[in-house]
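Visitor: The structure's right below; bear with me while I get my questions together.
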Amino acid sequence: MSNLITFITDSQTKIFHDSEIMPSIDRASVLANEPYSFTYAYKAACGDCYPISVSVHCEGLSFSVYRVDSVPIIHPYQKRPDDGLASEPKDVEWLIEAGTEERGVDLYPDVLLPRSALPKITRIDTDPSCPYCEENEPHRLDANDTSFSSLVITVNEERNALPAGDYEIKVSAVSLLTGETIAEDSFTLTVIGALLPKIDFKYTNWFHYDCLADLHNVKLFGEEYFELLKSYFKNAADYGMNLLLIPSFTPPLDTPIGKYRKKAQLVGITKSDKGYVFDFSGLERLMKLALECGIEYFEHPHLFTQWGAKHAPAIYATVNGEEKRIFGWDTDASSDEYREFLECYITAFRSFTEKLGVSDNVFYHISDEPDLSNIDSYRIAKETAAPLLAGVESGDALSRIEFYENGMVDTPIVCIDGIDDFYGKCKNLWAYYTGGYYEGQSTEKCSNRLITTKPYRTRIFGLQAFKYKLTGFLHWGFNYYYYRMSRGYFNPLLNPCGYQQRPGASFIVYPGADGVLGSLREVYMREAICDLRALKLLESLTSYEYVISLAETHFGEEITCFTIPSSAEQMMSFREIINREIAKRI
């Protein structure tokens, strides 16, 4: 009998420290250019904690391997909003000793620490207590008899077109005490000879450039900063994000009236009696880096302040040799001076994007989250910008359809629980969710991506995006590590509830020592986007009505924004149905 307990399960099953032993999956399927993720869980059957090494191998396949670490949910916004996700953890004493009150602290898996798929093991004769070690593996694996640990393993993260066929994937564990293989697991992955199609769908999580500088303690837009940016941009693209908010000037988001966030403006501006001169070289460097990392589209920051469009954002320029703020809260949005600036600036910016070859790939915003109380100021702002944005795509997050019906918003970006009010009435319709549960909204009944959210509650968004024929998805926090309204900052590895006690509401990645660390929630969002693309492929082979009928038969209800799978198995079996339907028709 092995002294290591192991099993392989799907990506939609989170492994907690106190999870029960589960039966291993024996097979799954995937399309040829689609990443496929699964989970490997392990713990010691008896005895003390001891180090192990895990390798993954299969001829013809590439693997990305990540150790899953947990974060402490000390102040959950809701106590386990998804009932039964996990029982109380057994190892919270260190939190109590550190001064944390004993009030239902939970440890939730979320952080992904990269490892090698085939780590090299060497013998160290100088350490008789542990004579074997992994070379160049910074994140050690330990098996103990009190709790499970896990790895997330992704096949074909590079999204190459794999040959169709059955592949037997083997996962082996070696004891670093003896050098012996102590566990072997395997399952069969069937690659279907069809490709996920490229679809007209934009996916963005707003990038906060000042947060990155503060958490990593580096100079904003310095050389070390750009090295970090490469890591973050590559991560975003790898997990399906294709639209990036750029720092043309400091985005006017989450800023108290009369206050200013750290200047995060990459467009150089010189103001004189002759007008404005613009230097786009810094922004060009950033956008080229993003393109190299796989980003396809760019989001220009909002041209007017949040929640009303009443003022100009903070914009800095060199005047008489001295840099100063020339617009901000003291600038009325409808002022002649700001109108003249926008005319000069947007004309120059659009010319810059044409030279860069991305003019058709830029999305513009007017003001974030306007409501009926400020519809008049939003109308004025839109009238100011509209002639300058002719022929390009623009839109804003909002909740009232009056903005669309009155022609003020071209692409409405609607909170997921309000989609039904807009569905069938808009040519282009996006969804967003804030990551929190708010009074007046029913997002606790919808898809979400909090750390405490069940994985399949995130993944179901792919089917919902297909149902509502969405052309985009927006979330306001890729890496927002500030407290509400940008007051101070928190380390999400230590306090993932730092933003209004909502676990992971404001971020989907973590700051590592040398760059970005990914998350399980990124895996779930990537799977949702892949599901959407697979559904689009099946639609092209059958019809929209046929695909919806399949979904409604499987889930036993009309597909709406409130459709939530009952289990990981129900979510995974639905995707297997879609794959079989595609395989029959190619």
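By order in the structure tokens, chains are A, B, ...; within a chain, residues start at 1; ligands start at 1, following the order shown.
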Residues near Thr471 in chain A, anyone? I mean within 9 Å using only C-alpha atoms, not counting same-chain ones fewer than 2 positions away, as a list in words.
Guide: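 The contact residues come out as Ile199, Asp200, Phe201, Lys202, Tyr203, Asn428, Leu429, Trp430, Ala431, Ala465, Lys469 and Phe473 of chain A.
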Visitor: Take the residues just selected and output them with N, CA and C atoms as an mmCIF file, in the first residue's frame.
Guide:
data_model
loop_
_atom_site.group_PDB
_atom_site.id
_atom_site.type_symbol
_atom_site.label_atom_id
_atom_site.label_comp_id
_atom_site.auth_asym_id
_atom_site.auth_seq_id
_atom_site.Cartn_x
_atom_site.Cartn_y
_atom_site.Cartn_z
ATOM 1 N N ILE A 199 -13.583 34.575 -32.174
ATOM 2 C CA ILE A 199 -14.914 35.183 -32.166
ATOM 3 C C ILE A 199 -14.814 36.659 -31.826
ATOM 4 N N ASP A 200 -15.862 37.377 -32.145
ATOM 5 C CA ASP A 200 -15.930 38.809 -31.845
ATOM 6 C C ASP A 200 -16.365 38.981 -30.392
ATOM 7 N N PHE A 201 -15.398 38.870 -29.490
ATOM 8 C CA PHE A 201 -15.695 38.983 -28.062
ATOM 9 C C PHE A 201 -14.487 39.588 -27.368
ATOM 10 N N LYS A 202 -14.730 40.689 -26.673
ATOM 11 C CA LYS A 202 -13.655 41.375 -25.965
ATOM 12 C C LYS A 202 -13.773 41.082 -24.465
ATOM 13 N N TYR A 203 -12.638 40.818 -23.844
ATOM 14 C CA TYR A 203 -12.597 40.486 -22.419
ATOM 15 C C TYR A 203 -11.537 41.355 -21.751
ATOM 16 N N ASN A 428 -24.802 45.783 -29.883
ATOM 17 C CA ASN A 428 -23.650 45.306 -29.126
ATOM 18 C C ASN A 428 -23.986 45.385 -27.646
ATOM 19 N N LEU A 429 -23.812 44.296 -26.936
ATOM 20 C CA LEU A 429 -24.149 44.251 -25.517
ATOM 21 C C LEU A 429 -23.042 43.521 -24.768
ATOM 22 N N TRP A 430 -22.516 44.184 -23.758
ATOM 23 C CA TRP A 430 -21.510 43.579 -22.889
ATOM 24 C C TRP A 430 -22.126 43.350 -21.516
ATOM 25 N N ALA A 431 -21.455 42.510 -20.729
ATOM 26 C CA ALA A 431 -21.829 42.319 -19.330
ATOM 27 C C ALA A 431 -20.643 42.665 -18.444
ATOM 28 N N ALA A 465 -23.086 34.067 -21.761
ATOM 29 C CA ALA A 465 -22.652 34.998 -22.812
ATOM 30 C C ALA A 465 -23.167 34.550 -24.171
ATOM 31 N N LYS A 469 -25.930 36.563 -26.443
ATOM 32 C CA LYS A 469 -25.217 37.066 -27.620
ATOM 33 C C LYS A 469 -24.336 38.261 -27.265
ATOM 34 N N PHE A 473 -17.032 41.374 -22.151
ATOM 35 C CA PHE A 473 -17.162 41.258 -20.699
ATOM 36 C C PHE A 473 -16.114 42.149 -20.043
#
Visitor: Give me the residues near Val56 in chain A as a PyMOL selection string, where near means some atom within 6 Å (using only C-alpha atoms) and where sequence neighbours in that chain fewer than 5 positions away do not count.
Guide: chain A and resi 117+170-171
Visitor: Here is a test: counting only C-alpha atoms, which residue of A:Phe461, A:Asp145, A:Cys344, A:Cys211 is nearest to Lys274 in chain A?
Guide: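 For Lys274 in chain A, the nearest of the candidates is A:Cys344.
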Visitor: Give me, as a VMD selection string, all polymer residues having an atom no more than 8 Å from range 407-421 of chain A, counting only C-alpha atoms and skipping those fewer than 6 positions away in the same chain.
Guide: chain A and resid 378 to 379 382 393 to 399 401 427 to 434 441 to 443 446 to 447 468 473 to 474 561 to 562
Visitor: Convert the current residue selection to file output with N, CA and C atoms, as a compact mmCIF listing (two decimals), in the first residue's frame.
Guide:
# COMPACT_ATOMS: atom_id res chain seq x y z
N TYR A 378 -24.09 63.56 -18.44
CA TYR A 378 -23.53 62.54 -19.33
C TYR A 378 -23.85 62.87 -20.78
N ARG A 379 -25.05 63.37 -21.03
CA ARG A 379 -25.43 63.72 -22.40
C ARG A 379 -24.52 64.81 -22.94
N LYS A 382 -21.14 63.28 -23.75
CA LYS A 382 -21.18 62.48 -24.97
C LYS A 382 -21.26 63.38 -26.20
N GLU A 393 -15.39 52.40 -31.69
CA GLU A 393 -16.29 51.77 -30.73
C GLU A 393 -16.14 52.42 -29.37
N SER A 394 -17.27 52.66 -28.71
CA SER A 394 -17.23 53.23 -27.37
C SER A 394 -18.39 52.67 -26.57
N GLY A 395 -18.27 52.74 -25.25
CA GLY A 395 -19.33 52.25 -24.39
C GLY A 395 -18.98 52.44 -22.93
N ASP A 396 -19.97 52.25 -22.07
CA ASP A 396 -19.77 52.46 -20.64
C ASP A 396 -20.59 51.48 -19.82
N ALA A 397 -20.11 51.23 -18.62
CA ALA A 397 -20.86 50.44 -17.65
C ALA A 397 -22.02 51.28 -17.12
N LEU A 398 -23.22 50.73 -17.16
CA LEU A 398 -24.41 51.45 -16.71
C LEU A 398 -25.52 50.46 -16.41
N SER A 399 -26.60 50.94 -15.84
CA SER A 399 -27.68 50.03 -15.46
C SER A 399 -29.04 50.42 -16.06
N ILE A 401 -31.44 51.49 -19.30
CA ILE A 401 -31.49 51.39 -20.75
C ILE A 401 -31.79 52.74 -21.40
N LYS A 427 -27.51 46.30 -30.42
CA LYS A 427 -26.66 45.64 -31.41
C LYS A 427 -25.44 45.03 -30.74
N ASN A 428 -24.80 45.78 -29.88
CA ASN A 428 -23.65 45.31 -29.13
C ASN A 428 -23.99 45.39 -27.65
N LEU A 429 -23.81 44.30 -26.94
CA LEU A 429 -24.15 44.25 -25.52
C LEU A 429 -23.04 43.52 -24.77
N TRP A 430 -22.52 44.18 -23.76
CA TRP A 430 -21.51 43.58 -22.89
C TRP A 430 -22.13 43.35 -21.52
N ALA A 431 -21.46 42.51 -20.73
CA ALA A 431 -21.83 42.32 -19.33
C ALA A 431 -20.64 42.66 -18.44
N TYR A 432 -20.96 43.00 -17.21
CA TYR A 432 -19.91 43.13 -16.20
C TYR A 432 -20.47 42.65 -14.87
N TYR A 433 -19.58 42.28 -13.97
CA TYR A 433 -19.98 42.22 -12.58
C TYR A 433 -18.87 42.78 -11.72
N THR A 434 -19.28 43.36 -10.64
CA THR A 434 -18.35 44.10 -9.80
C THR A 434 -17.50 43.18 -8.94
N GLN A 441 -29.05 45.00 -6.05
CA GLN A 441 -28.70 44.07 -7.10
C GLN A 441 -28.92 42.65 -6.58
N SER A 442 -29.05 41.72 -7.50
CA SER A 442 -29.23 40.33 -7.10
C SER A 442 -28.08 39.48 -7.60
N THR A 443 -26.87 40.06 -7.59
CA THR A 443 -25.72 39.35 -8.13
C THR A 443 -25.31 38.16 -7.30
N CYS A 446 -26.14 35.20 -9.31
CA CYS A 446 -25.59 35.15 -10.67
C CYS A 446 -24.18 34.59 -10.67
N SER A 447 -23.62 34.52 -11.85
CA SER A 447 -22.21 34.18 -11.99
C SER A 447 -21.36 35.22 -11.26
N TYR A 468 -27.10 35.28 -24.37
CA TYR A 468 -27.45 36.69 -24.54
C TYR A 468 -26.71 37.36 -25.69
N PHE A 473 -17.03 41.37 -22.15
CA PHE A 473 -17.16 41.26 -20.70
C PHE A 473 -16.11 42.15 -20.04
N LEU A 474 -16.53 42.86 -19.00
CA LEU A 474 -15.65 43.80 -18.31
C LEU A 474 -15.69 43.53 -16.81
N CYS A 561 -29.44 34.66 -16.81
CA CYS A 561 -28.29 35.11 -16.02
C CYS A 561 -28.31 34.53 -14.61
N PHE A 562 -29.42 33.89 -14.25
CA PHE A 562 -29.54 33.28 -12.92
C PHE A 562 -29.34 31.76 -12.95
Visitor: Using only C-alpha atoms for the distances, tell me which of A:Thr453, A:Asp106, A:Tyr480, A:Asn448 is nearest to Ile73 in chain A.
Guide: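 Smallest separation from Ile73 in chain A among the options: A:Asp106.
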Visitor: Mind checking DSSP for range 160-337 of chain A and telling me the alpha helix (DSSP H) residues as a tab-separated table (two decimals) with C-alpha atoms, in the first residue's frame?
Guide:
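Full text of out-v7.tsv as output:
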chain	number	residue	atom	x	y	z
A	209	TYR	CA	-0.79	50.88	-13.02
A	210	ASP	CA	-0.29	52.76	-9.76
A	211	CYS	CA	-1.18	49.64	-7.72
A	212	LEU	CA	1.54	47.69	-9.49
A	213	ALA	CA	4.17	50.27	-8.59
A	214	ASP	CA	3.06	50.47	-4.96
A	215	LEU	CA	2.85	46.72	-4.30
A	216	HIS	CA	6.20	45.99	-5.94
A	223	GLU	CA	12.85	50.11	-16.34
A	224	GLU	CA	12.19	47.67	-13.49
A	225	TYR	CA	8.50	48.50	-13.78
A	226	PHE	CA	8.40	47.57	-17.47
A	227	GLU	CA	9.98	44.20	-16.67
A	228	LEU	CA	7.11	43.59	-14.24
A	229	LEU	CA	4.58	44.77	-16.82
A	230	LYS	CA	5.74	42.09	-19.23
A	231	SER	CA	4.96	39.44	-16.62
A	232	TYR	CA	1.48	40.86	-15.94
A	233	PHE	CA	0.59	41.42	-19.61
A	234	LYS	CA	1.71	37.89	-20.53
A	235	ASN	CA	-0.42	36.47	-17.72
A	236	ALA	CA	-3.47	38.44	-18.86
A	237	ALA	CA	-3.18	37.22	-22.45
A	238	ASP	CA	-2.48	33.62	-21.43
A	281	SER	CA	6.58	57.48	-27.11
A	282	GLY	CA	6.02	56.13	-23.59
A	283	LEU	CA	2.54	54.90	-24.43
A	284	GLU	CA	3.85	53.40	-27.66
A	285	ARG	CA	6.39	51.37	-25.69
A	286	LEU	CA	3.70	50.04	-23.38
A	287	MET	CA	1.27	49.18	-26.18
A	288	LYS	CA	3.95	47.42	-28.23
A	289	LEU	CA	4.87	45.37	-25.17
A	290	ALA	CA	1.22	44.43	-24.70
A	291	LEU	CA	0.93	43.40	-28.36
A	292	GLU	CA	4.05	41.24	-28.03
A	293	CYS	CA	2.47	39.52	-25.02
A	336	ASP	CA	-14.47	75.53	-23.56
A	337	GLU	CA	-10.88	74.92	-22.51
Visitor: Which is closer to Ser11 in chain A than all the others in A:Ser248, A:Gln501, A:Thr188, A:Ser150, using only C-alpha atoms?
Guide: A:Ser150
Visitor: Name the closest residue to Gly477 in chain A among the candidates A:Thr39, A:Asn144, A:Thr122, A:Asn205; distances are taken between atoms, counting only C-alpha atoms.
Guide: A:Asn205
Visitor: Near range 582-586 of chain A, counting only C-alpha atoms, which residues have an atom at most 8 Å away, once you skip same-chain residues fewer than 6 positions from it, shown as a VMD selection string?
Guide: chain A and resid 192 to 194 537 to 538 541
